[in-house]
Amino acid sequence: MNFIPKFPPKTVEVIFINNHLPNVSRKTFNNLTHLKLKNLDLQGNSISVIQNDSFASFIFLEKLDLSRNNITEKDAMDCFKSLRKGIHHLRLNHLLWHPLEGLFDGLNNSNVTRIELSHSYLTPFEGRWFSGLPQLKSLDISWNSIKDSDFNLTGLPNIHDINLAGNWFNIIPDFCQFGLNNIANLRMCDTKLYTINHLRNCSSCLQNLKKLYLSGLSIRLIPTNIFSNLKSLTELTMKQMSTQFKKIHKYAFNSSSLQSLTFWRADGFLFTSKSAKQEMFHPDSLFGYSKNIKELDLSNNKIDLISNKIRLMFKPLKKYMPKYFLPLFPLLTFISFENNKIHPWNYGHSVFNGVRNLKIVNLRSNKIGMIYDTSFPLALLNNLTSINLLFNRFSCTCDLQWFRNWMKHTRVNISGNNTYKCDTGKLKVVDYNPDFIECHILSISLSIGFGVAFILIVTITGYICRWRFRFQLYKLRSLRKQYKELVNKEDFVYSAYVVYCYEDFTWVKRSLIQEIEEKQGYKLCIPHRDFELGKVFADNIVEHMHLSETVILVLSNNFAKNEWCLFQLAVAKNKLNKLGKLSIFLVLLEEIEFKNMNSELYHLLKMSSYAAWDSDDNAQKLFWDQIRDHLS
């Protein structure tokens with residue numbers, strides 16, 4: 001499509017991608033100027049020229065995406081001057097710009113908080129390019145060719161989220177030399193780091209670092225206490241580490257602030273007794289000083305949970321109720337998590353699934369403020385002989401009502417149940433008795449809301465499915481209003497009506513039209529090009545199909561999922577059954593996945609011949625011959 005169509009009046013986001021807009025000016029957006037547009041996505045539109053006032057009409061624009069175009073630095077520099085101060089997010093990926101000196105001067109003192117410049121072979125990199133953007137806090141310069149010697153962040157004192165993934169760094173940058181003290185999120189994934197020892201050198205400037213991503217590195221080991229000086233670190237991700245990775249030193253994950261840890265090697269790290277003996281890791285100290293971890297992901301590793309020594313390495317994680325751990329011991333009859341800091345959980349099926357012989361559960365002295373109906377599988381809970389929840393302060397809200405009612409009616413021995421107290425004071429859990437309205441006011445409100453919502457859903461469904469109703473209406477009208485049957489070939493306006501999905505329009509435009517119309521001389525009806533503007537879409541379909549000698553269906557997975565495509569297929573089949581003269585020819589752009597195959601398409605493919613698209617030159621020659629034979 002080489003123009004931007006009109007959109008409904010209340011549209012705030014327009015995603016117009018992979019079209020053809022080589023020359024962009026203010027007039028290009030005439031159909032959008034009446035909108036209070038906040039997000040404009042223009043990725044992959046072959047833009048090569050852009051006028052300096054192109055975005056002047058968008059006074060509410062907050063996010064702009066110009067990625068994957070051919071815009072020059074000079075044009076970009078000029079058009080940025082037309083952006084209002086309210087813009088806060090620019091996506092400028094895959095643009096191959098260099099250098100960037102002065103590029104963002106037109107945005108000086110604007111509200112830009114995030115800029116993306118990934119996949120642009122951007123080297124060297126200078127922070128001063130952005131010095132006029134005091135609000136800039138997030139910068140994505142991933143997957144460029146930036147090296148240690150080509151990297152300077154001076155001029156970006158307020159950055160606290162930076163993505164350096166996929167660059168050629170051999171060491172972790174010393175952020176202190178750039179005067180950066182506020183970095184909260186740092187991504188160094190898939191770089192050329194061979195060690196992370198350099199973290200020690202810059203830890204004084206990373207005291208606000210909360211999230212650190214070090215996935216896909218070729219490091220050989222994690223040193224002792226390497227993260228301990230990062231006092232604010234809460235999330236550490238080290239996924240898909242190279243097979244060169246061999247060793248986790250003692251206290252490697254030592255961090256009093258760490259709450260979430262993800263670690264796995266590409267071929268699976270060996271957490272086994274044998275590897276422990278070889279000092280590849282130290283189970284007794286692995287999590288010894290990481291006691292605040294609440295989320296632990298060791299997926300894709302090889303963990304020997306049969307070994308008591310390996311199981312004990314999880315002992316320090318007192319705030320962690322492990323999923324998929326207890327099911328490994330189906331004969332378990334007694335468990336005790338006494339005197340830990342376990343918080344409420346609602347994934348009981350994952351924790352206790354398959355533990356059918358459990359009789360006694362001791363959860364005394366934790367921080368379990370709530371027992372949900374999903375904290376334990378009900379069958380297991382009722383099969384217990386004893387449960388101990390003493391010295392847990394419960395949150396006496398309506399959510400606790402299920403547990404309170406269960407306490408009153410169960411035969412399970414609940415140790416000291418008369419002493420369980422609410423966290424608000426001296427009120428006992430057994431005495432907490434909220435009235436019906438207090439706990440069901442939301443339900444009452446929801447009932448009213450659902451009534452209103454039902455009416456809205458019926459209305460909206462009627463709108464969404466209006467094409468189905470229109471098709472039925474079309475069939476009823478066609479009984480009364482007969483189109484004049486066209487007998488002679490010269491009476492037809494089009495050789496073929498082409499049915500395709502919007503996502504496949506690029507292929508239609510660049511391949512089908514070019515070969516069949518421009519080279520072979522046939523006239524095709526292309527809805528994007530030939531439909532009458534302002535007319536109801538369904539009427540356009542029926543009338544233009546009537547003026548076409550045949551119908552070509554461009555089948556793909558997108559086609560199979562698109563209701564308007566299926567509507568056009570239904571109209572074509574109806575005319576075929578009714579007139580017996582209209583023919584349908586199938587073009588198979590790709591194999592239709594089974595999940596997208598409905599009975600109509602299956603029957604059509606089974607009973608009809610079709611031309612299958614292929615990247616092979618000889619196959620394409622046969623493909624075009626088949627279509628030409630059908631049209632001639």
# chains A, B, ... in the order shown; residues from 1 in each chain; ligands from 1
>>> select_by_dssp(residues="segment 356-400 of chain A", states="strand (DSSP E)", output="ChimeraX atom specification")
/A:360-362,386-388
>>> write_last_selection(atoms="N, CA and C atoms", output="mmCIF file, in the first residue's frame")
data_model
loop_
_atom_site.group_PDB
_atom_site.id
_atom_site.type_symbol
_atom_site.label_atom_id
_atom_site.label_comp_id
_atom_site.auth_asym_id
_atom_site.auth_seq_id
_atom_site.Cartn_x
_atom_site.Cartn_y
_atom_site.Cartn_z
ATOM 1 N N ILE A 360 1.464 -35.565 57.694
ATOM 2 C CA ILE A 360 1.764 -34.519 58.672
ATOM 3 C C ILE A 360 2.544 -33.396 57.991
ATOM 4 N N VAL A 361 2.053 -32.145 58.156
ATOM 5 C CA VAL A 361 2.706 -30.967 57.589
ATOM 6 C C VAL A 361 2.972 -29.975 58.709
ATOM 7 N N ASN A 362 4.223 -29.576 58.865
ATOM 8 C CA ASN A 362 4.602 -28.612 59.902
ATOM 9 C C ASN A 362 5.098 -27.332 59.242
ATOM 10 N N SER A 386 -2.583 -34.248 60.452
ATOM 11 C CA SER A 386 -2.213 -33.105 61.288
ATOM 12 C C SER A 386 -1.534 -32.029 60.453
ATOM 13 N N ILE A 387 -1.842 -30.759 60.770
ATOM 14 C CA ILE A 387 -1.162 -29.622 60.155
ATOM 15 C C ILE A 387 -0.894 -28.588 61.240
ATOM 16 N N ASN A 388 0.304 -28.033 61.247
ATOM 17 C CA ASN A 388 0.716 -27.071 62.271
ATOM 18 C C ASN A 388 1.022 -25.736 61.615
#
>>> residues_around(residues="Trp624 of chain A", least_positions_apart="4", cutoff="9 Å", atoms="only C-alpha atoms", output="PDB file with C-alpha atoms, in the first residue's frame")
ATOM      1  CA  LEU A 512       1.393 -11.736  -8.808  1.00  0.00           C
ATOM      2  CA  GLU A 515       3.927 -11.314 -13.536  1.00  0.00           C
ATOM      3  CA  ILE A 516       0.242 -11.668 -14.479  1.00  0.00           C
ATOM      4  CA  ALA A 611      -0.474 -24.007  -8.017  1.00  0.00           C
ATOM      5  CA  ALA A 619       9.151 -24.418  -9.921  1.00  0.00           C
ATOM      6  CA  GLN A 620       8.150 -20.769 -10.308  1.00  0.00           C
ATOM      7  CA  ARG A 628      -1.772 -18.463 -17.165  1.00  0.00           C
ATOM      8  CA  ASP A 629      -3.377 -21.708 -18.415  1.00  0.00           C
TER       9      ASP A 629
END
>>> closest_atom_pairs(of="segment 115-135 of chain A", to="segment 64-71 of chain A", cutoff="12 Å", atoms="only C-alpha atoms", output="CSV")
residue,atom,partner,partner_atom,distance
A:Ile115,CA,A:Leu64,CA,10.0
A:Glu116,CA,A:Ser67,CA,9.2
A:Leu117,CA,A:Ser67,CA,8.8
A:Ser118,CA,A:Ser67,CA,9.4
A:His119,CA,A:Arg68,CA,9.8
A:Ser120,CA,A:Arg68,CA,9.9
>>> write_last_selection(atoms="C-alpha atoms", output="PDB file, in the first residue's frame")
ATOM      1  CA  ILE A 115      15.851   5.635  22.393  1.00  0.00           C
ATOM      2  CA  GLU A 116      16.502   2.363  20.540  1.00  0.00           C
ATOM      3  CA  LEU A 117      19.368   2.139  18.042  1.00  0.00           C
ATOM      4  CA  SER A 118      19.970  -1.601  17.740  1.00  0.00           C
ATOM      5  CA  HIS A 119      21.341  -3.540  14.732  1.00  0.00           C
ATOM      6  CA  SER A 120      22.988  -0.529  13.108  1.00  0.00           C
TER       7      SER A 120
END
>>> residues_around(residues="segment 416-426 of chain A", least_positions_apart="6", cutoff="6 Å", atoms="only C-alpha atoms", output="MDAnalysis selection string")
chainID A and resid 393:396
>>> residues_around(residues="segment 351-358 of chain A", least_positions_apart="3", cutoff="12 Å", atoms="only C-alpha atoms", output="MDAnalysis selection string")
chainID A and resid 320:336 345:348 361:362 374:387
>>> write_last_selection(atoms="N, CA and C atoms", output="mmCIF file, in the first residue's frame")
data_model
loop_
_atom_site.group_PDB
_atom_site.id
_atom_site.type_symbol
_atom_site.label_atom_id
_atom_site.label_comp_id
_atom_site.auth_asym_id
_atom_site.auth_seq_id
_atom_site.Cartn_x
_atom_site.Cartn_y
_atom_site.Cartn_z
ATOM 1 N N TYR A 320 11.560 -19.657 50.080
ATOM 2 C CA TYR A 320 11.231 -20.276 48.789
ATOM 3 C C TYR A 320 10.473 -21.575 49.005
ATOM 4 N N MET A 321 9.212 -21.623 48.553
ATOM 5 C CA MET A 321 8.440 -22.862 48.560
ATOM 6 C C MET A 321 8.616 -23.496 47.186
ATOM 7 N N PRO A 322 9.490 -24.507 47.045
ATOM 8 C CA PRO A 322 9.905 -24.980 45.721
ATOM 9 C C PRO A 322 8.807 -25.713 44.965
ATOM 10 N N LYS A 323 8.639 -25.349 43.702
ATOM 11 C CA LYS A 323 7.742 -26.084 42.817
ATOM 12 C C LYS A 323 8.451 -27.346 42.325
ATOM 13 N N TYR A 324 7.659 -28.388 42.019
ATOM 14 C CA TYR A 324 8.147 -29.603 41.361
ATOM 15 C C TYR A 324 9.250 -30.330 42.155
ATOM 16 N N PHE A 325 9.366 -30.046 43.456
ATOM 17 C CA PHE A 325 10.405 -30.673 44.277
ATOM 18 C C PHE A 325 9.846 -31.845 45.068
ATOM 19 N N LEU A 326 8.783 -31.610 45.831
ATOM 20 C CA LEU A 326 8.191 -32.671 46.640
ATOM 21 C C LEU A 326 7.645 -33.824 45.797
ATOM 22 N N PRO A 327 7.097 -33.566 44.590
ATOM 23 C CA PRO A 327 6.601 -34.689 43.783
ATOM 24 C C PRO A 327 7.654 -35.744 43.456
ATOM 25 N N LEU A 328 8.934 -35.416 43.648
ATOM 26 C CA LEU A 328 9.979 -36.414 43.418
ATOM 27 C C LEU A 328 10.006 -37.478 44.513
ATOM 28 N N PHE A 329 9.232 -37.221 45.599
ATOM 29 C CA PHE A 329 9.224 -38.140 46.738
ATOM 30 C C PHE A 329 7.784 -38.555 47.042
ATOM 31 N N PRO A 330 7.190 -39.382 46.194
ATOM 32 C CA PRO A 330 5.766 -39.722 46.320
ATOM 33 C C PRO A 330 5.425 -40.492 47.592
ATOM 34 N N LEU A 331 6.414 -41.108 48.247
ATOM 35 C CA LEU A 331 6.143 -41.891 49.458
ATOM 36 C C LEU A 331 6.296 -41.057 50.729
ATOM 37 N N LEU A 332 6.535 -39.756 50.554
ATOM 38 C CA LEU A 332 6.729 -38.864 51.697
ATOM 39 C C LEU A 332 5.481 -38.838 52.580
ATOM 40 N N THR A 333 5.674 -38.989 53.914
ATOM 41 C CA THR A 333 4.533 -38.954 54.852
ATOM 42 C C THR A 333 4.612 -37.778 55.807
ATOM 43 N N PHE A 334 5.799 -37.175 55.965
ATOM 44 C CA PHE A 334 5.967 -36.080 56.926
ATOM 45 C C PHE A 334 6.924 -35.036 56.348
ATOM 46 N N ILE A 335 6.533 -33.764 56.410
ATOM 47 C CA ILE A 335 7.445 -32.681 56.023
ATOM 48 C C ILE A 335 7.391 -31.595 57.082
ATOM 49 N N SER A 336 8.527 -30.933 57.281
ATOM 50 C CA SER A 336 8.591 -29.825 58.232
ATOM 51 C C SER A 336 9.369 -28.674 57.610
ATOM 52 N N TRP A 345 1.516 -18.868 49.186
ATOM 53 C CA TRP A 345 1.661 -19.366 47.820
ATOM 54 C C TRP A 345 0.299 -19.866 47.355
ATOM 55 N N ASN A 346 0.082 -19.850 46.054
ATOM 56 C CA ASN A 346 -1.210 -20.296 45.516
ATOM 57 C C ASN A 346 -1.034 -21.289 44.366
ATOM 58 N N TYR A 347 0.108 -21.978 44.377
ATOM 59 C CA TYR A 347 0.396 -22.957 43.317
ATOM 60 C C TYR A 347 0.580 -24.341 43.929
ATOM 61 N N GLY A 348 -0.348 -24.710 44.806
ATOM 62 C CA GLY A 348 -0.252 -25.968 45.532
ATOM 63 C C GLY A 348 -0.146 -27.193 44.651
ATOM 64 N N VAL A 361 2.053 -32.145 58.156
ATOM 65 C CA VAL A 361 2.706 -30.967 57.589
ATOM 66 C C VAL A 361 2.972 -29.975 58.709
ATOM 67 N N ASN A 362 4.223 -29.576 58.865
ATOM 68 C CA ASN A 362 4.602 -28.612 59.902
ATOM 69 C C ASN A 362 5.098 -27.332 59.242
ATOM 70 N N THR A 374 -6.134 -22.784 46.801
ATOM 71 C CA THR A 374 -5.179 -23.383 45.857
ATOM 72 C C THR A 374 -3.801 -23.600 46.490
ATOM 73 N N SER A 375 -3.663 -23.341 47.792
ATOM 74 C CA SER A 375 -2.369 -23.545 48.457
ATOM 75 C C SER A 375 -2.038 -25.032 48.576
ATOM 76 N N PHE A 376 -3.068 -25.854 48.773
ATOM 77 C CA PHE A 376 -2.911 -27.312 48.832
ATOM 78 C C PHE A 376 -3.959 -27.941 47.914
ATOM 79 N N PRO A 377 -3.632 -29.036 47.241
ATOM 80 C CA PRO A 377 -4.694 -29.802 46.579
ATOM 81 C C PRO A 377 -5.691 -30.256 47.647
ATOM 82 N N LEU A 378 -6.977 -30.063 47.410
ATOM 83 C CA LEU A 378 -7.989 -30.331 48.432
ATOM 84 C C LEU A 378 -7.962 -31.787 48.893
ATOM 85 N N ALA A 379 -7.741 -32.719 47.970
ATOM 86 C CA ALA A 379 -7.706 -34.136 48.341
ATOM 87 C C ALA A 379 -6.571 -34.407 49.319
ATOM 88 N N LEU A 380 -5.420 -33.786 49.085
ATOM 89 C CA LEU A 380 -4.288 -33.967 49.993
ATOM 90 C C LEU A 380 -4.584 -33.343 51.350
ATOM 91 N N LEU A 381 -5.156 -32.141 51.339
ATOM 92 C CA LEU A 381 -5.431 -31.431 52.589
ATOM 93 C C LEU A 381 -6.375 -32.232 53.475
ATOM 94 N N ASN A 382 -7.402 -32.795 52.886
ATOM 95 C CA ASN A 382 -8.376 -33.564 53.672
ATOM 96 C C ASN A 382 -7.850 -34.940 54.069
ATOM 97 N N ASN A 383 -6.759 -35.358 53.448
ATOM 98 C CA ASN A 383 -6.168 -36.660 53.772
ATOM 99 C C ASN A 383 -5.131 -36.567 54.896
ATOM 100 N N LEU A 384 -4.782 -35.325 55.291
ATOM 101 C CA LEU A 384 -3.806 -35.142 56.362
ATOM 102 C C LEU A 384 -4.380 -35.602 57.696
ATOM 103 N N THR A 385 -3.474 -35.986 58.587
ATOM 104 C CA THR A 385 -3.897 -36.252 59.972
ATOM 105 C C THR A 385 -3.594 -35.053 60.854
ATOM 106 N N SER A 386 -2.583 -34.248 60.452
ATOM 107 C CA SER A 386 -2.213 -33.105 61.288
ATOM 108 C C SER A 386 -1.534 -32.029 60.453
ATOM 109 N N ILE A 387 -1.842 -30.759 60.770
ATOM 110 C CA ILE A 387 -1.162 -29.622 60.155
ATOM 111 C C ILE A 387 -0.894 -28.588 61.240
#
>>> residues_around(residues="segment 147-156 of chain A", least_positions_apart="6", cutoff="9 Å", atoms="only C-alpha atoms", output="list in words")
Thr123, Pro124, Phe125, Glu126, Gly127, Arg128, Trp129, Phe130, Ser131, Gly132, Leu133, Pro134, Leu136, Lys137, Asn167, Trp168, Phe169, Asn170, Ile171, Ile172, Pro173, Phe175, Gln177, Phe178, Gly179 and Leu180 of chain A
>>> write_last_selection(atoms="N, CA and C atoms", output="CSV table (one decimal), in the first residue's frame")
chain,number,residue,atom,x,y,z
A,123,THR,N,29.5,2.2,15.4
A,123,THR,CA,30.8,2.3,16.1
A,123,THR,C,31.6,3.4,15.4
A,124,PRO,N,32.3,4.3,16.2
A,124,PRO,CA,32.3,4.3,17.7
A,124,PRO,C,31.0,4.9,18.2
A,125,PHE,N,30.9,4.8,19.6
A,125,PHE,CA,29.7,5.3,20.2
A,125,PHE,C,30.1,6.4,21.2
A,126,GLU,N,29.4,7.6,21.1
A,126,GLU,CA,29.6,8.7,22.0
A,126,GLU,C,28.4,9.1,22.7
A,127,GLY,N,28.5,9.2,24.0
A,127,GLY,CA,27.3,9.7,24.8
A,127,GLY,C,26.9,11.1,24.6
A,128,ARG,N,27.9,11.9,24.1
A,128,ARG,CA,27.6,13.4,23.9
A,128,ARG,C,26.6,13.6,22.8
A,129,TRP,N,26.3,12.6,22.0
A,129,TRP,CA,25.3,12.7,20.9
A,129,TRP,C,23.9,13.0,21.6
A,130,PHE,N,23.8,12.6,22.8
A,130,PHE,CA,22.4,12.7,23.5
A,130,PHE,C,22.5,13.7,24.6
A,131,SER,N,23.5,14.5,24.7
A,131,SER,CA,23.7,15.4,25.8
A,131,SER,C,22.6,16.4,26.0
A,132,GLY,N,21.8,16.7,24.9
A,132,GLY,CA,20.7,17.7,24.9
A,132,GLY,C,19.4,17.1,25.4
A,133,LEU,N,19.4,15.8,25.8
A,133,LEU,CA,18.2,15.1,26.2
A,133,LEU,C,18.3,14.7,27.7
A,134,PRO,N,18.0,15.7,28.6
A,134,PRO,CA,18.2,15.4,30.0
A,134,PRO,C,17.3,14.4,30.6
A,136,LEU,N,16.5,11.5,29.1
A,136,LEU,CA,16.9,10.2,28.6
A,136,LEU,C,17.3,9.3,29.7
A,137,LYS,N,16.6,8.2,29.9
A,137,LYS,CA,16.9,7.3,31.0
A,137,LYS,C,17.2,5.8,30.5
A,167,ASN,N,27.2,-6.8,21.5
A,167,ASN,CA,28.3,-6.0,21.0
A,167,ASN,C,29.6,-6.7,21.3
A,168,TRP,N,30.8,-6.1,21.0
A,168,TRP,CA,32.1,-6.8,21.0
A,168,TRP,C,32.9,-6.4,22.2
A,169,PHE,N,32.2,-6.3,23.4
A,169,PHE,CA,32.9,-6.0,24.6
A,169,PHE,C,33.7,-7.2,25.1
A,170,ASN,N,34.9,-6.9,25.5
A,170,ASN,CA,35.8,-8.0,26.1
A,170,ASN,C,35.7,-7.9,27.6
A,171,ILE,N,35.4,-6.7,28.1
A,171,ILE,CA,35.3,-6.4,29.5
A,171,ILE,C,34.0,-5.6,29.8
A,172,ILE,N,33.6,-5.7,31.1
A,172,ILE,CA,32.5,-4.9,31.5
A,172,ILE,C,32.9,-3.5,31.7
A,173,PRO,N,32.2,-2.5,31.0
A,173,PRO,CA,32.7,-1.1,31.0
A,173,PRO,C,32.8,-0.6,32.5
A,175,PHE,N,31.8,2.1,34.5
A,175,PHE,CA,30.9,3.2,34.4
A,175,PHE,C,31.3,4.3,35.3
A,177,GLN,N,34.2,5.9,35.2
A,177,GLN,CA,34.9,6.9,34.4
A,177,GLN,C,34.0,7.8,33.6
A,178,PHE,N,32.7,7.3,33.4
A,178,PHE,CA,31.7,8.1,32.6
A,178,PHE,C,30.8,8.9,33.6
A,179,GLY,N,31.0,8.8,34.9
A,179,GLY,CA,30.2,9.5,35.8
A,179,GLY,C,28.8,9.0,36.0
A,180,LEU,N,28.6,7.6,35.7
A,180,LEU,CA,27.3,7.0,35.8
A,180,LEU,C,27.1,6.3,37.1
>>> residues_around(residues="Leu103 of chain A", least_positions_apart="2", cutoff="8 Å", atoms="only C-alpha atoms", output="PyMOL selection string")
chain A and resi 73-74+76-77+100-101+105-106+129
>>> select_by_dssp(residues="segment 363-422 of chain A", states="alpha helix (DSSP H)", output="compact mmCIF listing (two decimals) with C-alpha atoms, in the first residue's frame")
# COMPACT_ATOMS: atom_id res chain seq x y z
CA LEU A 378 -7.99 -30.33 48.43
CA ALA A 379 -7.71 -34.14 48.34
CA LEU A 380 -4.29 -33.97 49.99
CA LEU A 381 -5.43 -31.43 52.59
CA ASN A 382 -8.38 -33.56 53.67
CA ASN A 383 -6.17 -36.66 53.77
CA GLN A 401 -12.89 -16.98 54.71
CA TRP A 402 -12.31 -20.22 52.80
CA PHE A 403 -9.58 -21.34 55.23
CA ARG A 404 -11.65 -20.28 58.27
CA ASN A 405 -14.63 -22.34 57.04
CA TRP A 406 -12.36 -25.30 56.31
CA MET A 407 -10.97 -25.11 59.87
CA LYS A 408 -14.50 -25.30 61.30
CA HIS A 409 -15.59 -28.34 59.31
>>> residues_around(residues="Leu217 of chain A", least_positions_apart="4", cutoff="9 Å", atoms="only C-alpha atoms", output="list in words")
Met188, Cys189, Asp190, Thr191, Lys192, Leu193, Tyr194, Thr195, Met238, Lys239, Gln240, Met241, Ser242 and Phe245 of chain A
>>> atom_distance(atom1="atom CA of Cys439 of chain A", atom2="atom CA of Cys398 of chain A")
5.6 Å
>>> atom_distance(atom1="atom CA of Leu122 of chain A", atom2="atom CA of Trp143 of chain A")
8.8 Å
>>> closest_residue(among="A:Ser138, A:Asn197, A:Ser511, A:Asn558", to="Lys595 of chain A", atoms="only C-alpha atoms")
A:Asn558
>>> atom_distance(atom1="atom CA of Ser260 of chain A", atom2="atom CA of Lys341 of chain A")
15.8 Å
>>> closest_residue(among="A:Ser25, A:Lys6, A:His94, A:Asp373", to="Asp78 of chain A", atoms="only C-alpha atoms")
A:Ser25
>>> decode(residues="segment 292-356 of chain A", atoms="C-alpha atoms", output="PDB file, in the first residue's frame")
ATOM      1  CA  ASN A 292      16.364 -13.841  50.279  1.00  0.00           C
ATOM      2  CA  ILE A 293      15.916 -15.676  46.979  1.00  0.00           C
ATOM      3  CA  LYS A 294      12.192 -16.151  46.282  1.00  0.00           C
ATOM      4  CA  GLU A 295      12.387 -17.178  42.618  1.00  0.00           C
ATOM      5  CA  LEU A 296      14.913 -19.776  41.490  1.00  0.00           C
ATOM      6  CA  ASP A 297      15.118 -21.129  37.930  1.00  0.00           C
ATOM      7  CA  LEU A 298      17.643 -23.916  37.356  1.00  0.00           C
ATOM      8  CA  SER A 299      15.814 -25.329  34.343  1.00  0.00           C
ATOM      9  CA  ASN A 300      17.753 -27.256  31.692  1.00  0.00           C
ATOM     10  CA  ASN A 301      20.460 -28.317  34.153  1.00  0.00           C
ATOM     11  CA  LYS A 302      21.112 -31.817  35.490  1.00  0.00           C
ATOM     12  CA  ILE A 303      20.303 -31.905  39.224  1.00  0.00           C
ATOM     13  CA  ASP A 304      20.803 -35.086  41.263  1.00  0.00           C
ATOM     14  CA  LEU A 305      17.975 -34.697  43.793  1.00  0.00           C
ATOM     15  CA  ILE A 306      18.403 -38.290  44.957  1.00  0.00           C
ATOM     16  CA  SER A 307      21.588 -37.190  46.718  1.00  0.00           C
ATOM     17  CA  ASN A 308      20.993 -35.798  50.204  1.00  0.00           C
ATOM     18  CA  LYS A 309      23.997 -33.502  49.780  1.00  0.00           C
ATOM     19  CA  ILE A 310      22.467 -31.932  46.673  1.00  0.00           C
ATOM     20  CA  ARG A 311      19.049 -31.560  48.292  1.00  0.00           C
ATOM     21  CA  LEU A 312      20.621 -29.788  51.269  1.00  0.00           C
ATOM     22  CA  MET A 313      22.042 -27.069  49.026  1.00  0.00           C
ATOM     23  CA  PHE A 314      18.504 -25.613  48.883  1.00  0.00           C
ATOM     24  CA  LYS A 315      18.226 -25.485  52.680  1.00  0.00           C
ATOM     25  CA  PRO A 316      19.307 -21.811  53.051  1.00  0.00           C
ATOM     26  CA  LEU A 317      16.444 -20.672  50.776  1.00  0.00           C
ATOM     27  CA  LYS A 318      14.014 -20.114  53.609  1.00  0.00           C
ATOM     28  CA  LYS A 319      11.656 -17.836  51.648  1.00  0.00           C
ATOM     29  CA  TYR A 320      11.231 -20.276  48.789  1.00  0.00           C
ATOM     30  CA  MET A 321       8.440 -22.862  48.560  1.00  0.00           C
ATOM     31  CA  PRO A 322       9.905 -24.980  45.721  1.00  0.00           C
ATOM     32  CA  LYS A 323       7.742 -26.084  42.817  1.00  0.00           C
ATOM     33  CA  TYR A 324       8.147 -29.603  41.361  1.00  0.00           C
ATOM     34  CA  PHE A 325      10.405 -30.673  44.277  1.00  0.00           C
ATOM     35  CA  LEU A 326       8.191 -32.671  46.640  1.00  0.00           C
ATOM     36  CA  PRO A 327       6.601 -34.689  43.783  1.00  0.00           C
ATOM     37  CA  LEU A 328       9.979 -36.414  43.418  1.00  0.00           C
ATOM     38  CA  PHE A 329       9.224 -38.140  46.738  1.00  0.00           C
ATOM     39  CA  PRO A 330       5.766 -39.722  46.320  1.00  0.00           C
ATOM     40  CA  LEU A 331       6.143 -41.891  49.458  1.00  0.00           C
ATOM     41  CA  LEU A 332       6.729 -38.864  51.697  1.00  0.00           C
ATOM     42  CA  THR A 333       4.533 -38.954  54.852  1.00  0.00           C
ATOM     43  CA  PHE A 334       5.967 -36.080  56.926  1.00  0.00           C
ATOM     44  CA  ILE A 335       7.445 -32.681  56.023  1.00  0.00           C
ATOM     45  CA  SER A 336       8.591 -29.825  58.232  1.00  0.00           C
ATOM     46  CA  PHE A 337       9.344 -26.288  57.066  1.00  0.00           C
ATOM     47  CA  GLU A 338       9.335 -24.933  60.612  1.00  0.00           C
ATOM     48  CA  ASN A 339      11.008 -21.616  61.459  1.00  0.00           C
ATOM     49  CA  ASN A 340      11.573 -20.361  57.917  1.00  0.00           C
ATOM     50  CA  LYS A 341      10.217 -17.244  56.224  1.00  0.00           C
ATOM     51  CA  ILE A 342       7.826 -18.844  53.760  1.00  0.00           C
ATOM     52  CA  HIS A 343       5.252 -16.419  52.361  1.00  0.00           C
ATOM     53  CA  PRO A 344       1.772 -17.308  51.039  1.00  0.00           C
ATOM     54  CA  TRP A 345       1.661 -19.366  47.820  1.00  0.00           C
ATOM     55  CA  ASN A 346      -1.210 -20.296  45.516  1.00  0.00           C
ATOM     56  CA  TYR A 347       0.396 -22.957  43.317  1.00  0.00           C
ATOM     57  CA  GLY A 348      -0.252 -25.968  45.532  1.00  0.00           C
ATOM     58  CA  HIS A 349      -0.746 -28.314  42.590  1.00  0.00           C
ATOM     59  CA  SER A 350       2.860 -27.693  41.476  1.00  0.00           C
ATOM     60  CA  VAL A 351       4.231 -28.066  45.028  1.00  0.00           C
ATOM     61  CA  PHE A 352       2.342 -31.168  46.193  1.00  0.00           C
ATOM     62  CA  ASN A 353       1.255 -32.924  43.003  1.00  0.00           C
ATOM     63  CA  GLY A 354       1.655 -36.701  43.368  1.00  0.00           C
ATOM     64  CA  VAL A 355       2.515 -36.615  47.104  1.00  0.00           C
ATOM     65  CA  ARG A 356      -0.444 -38.835  48.003  1.00  0.00           C
TER      66      ARG A 356
END
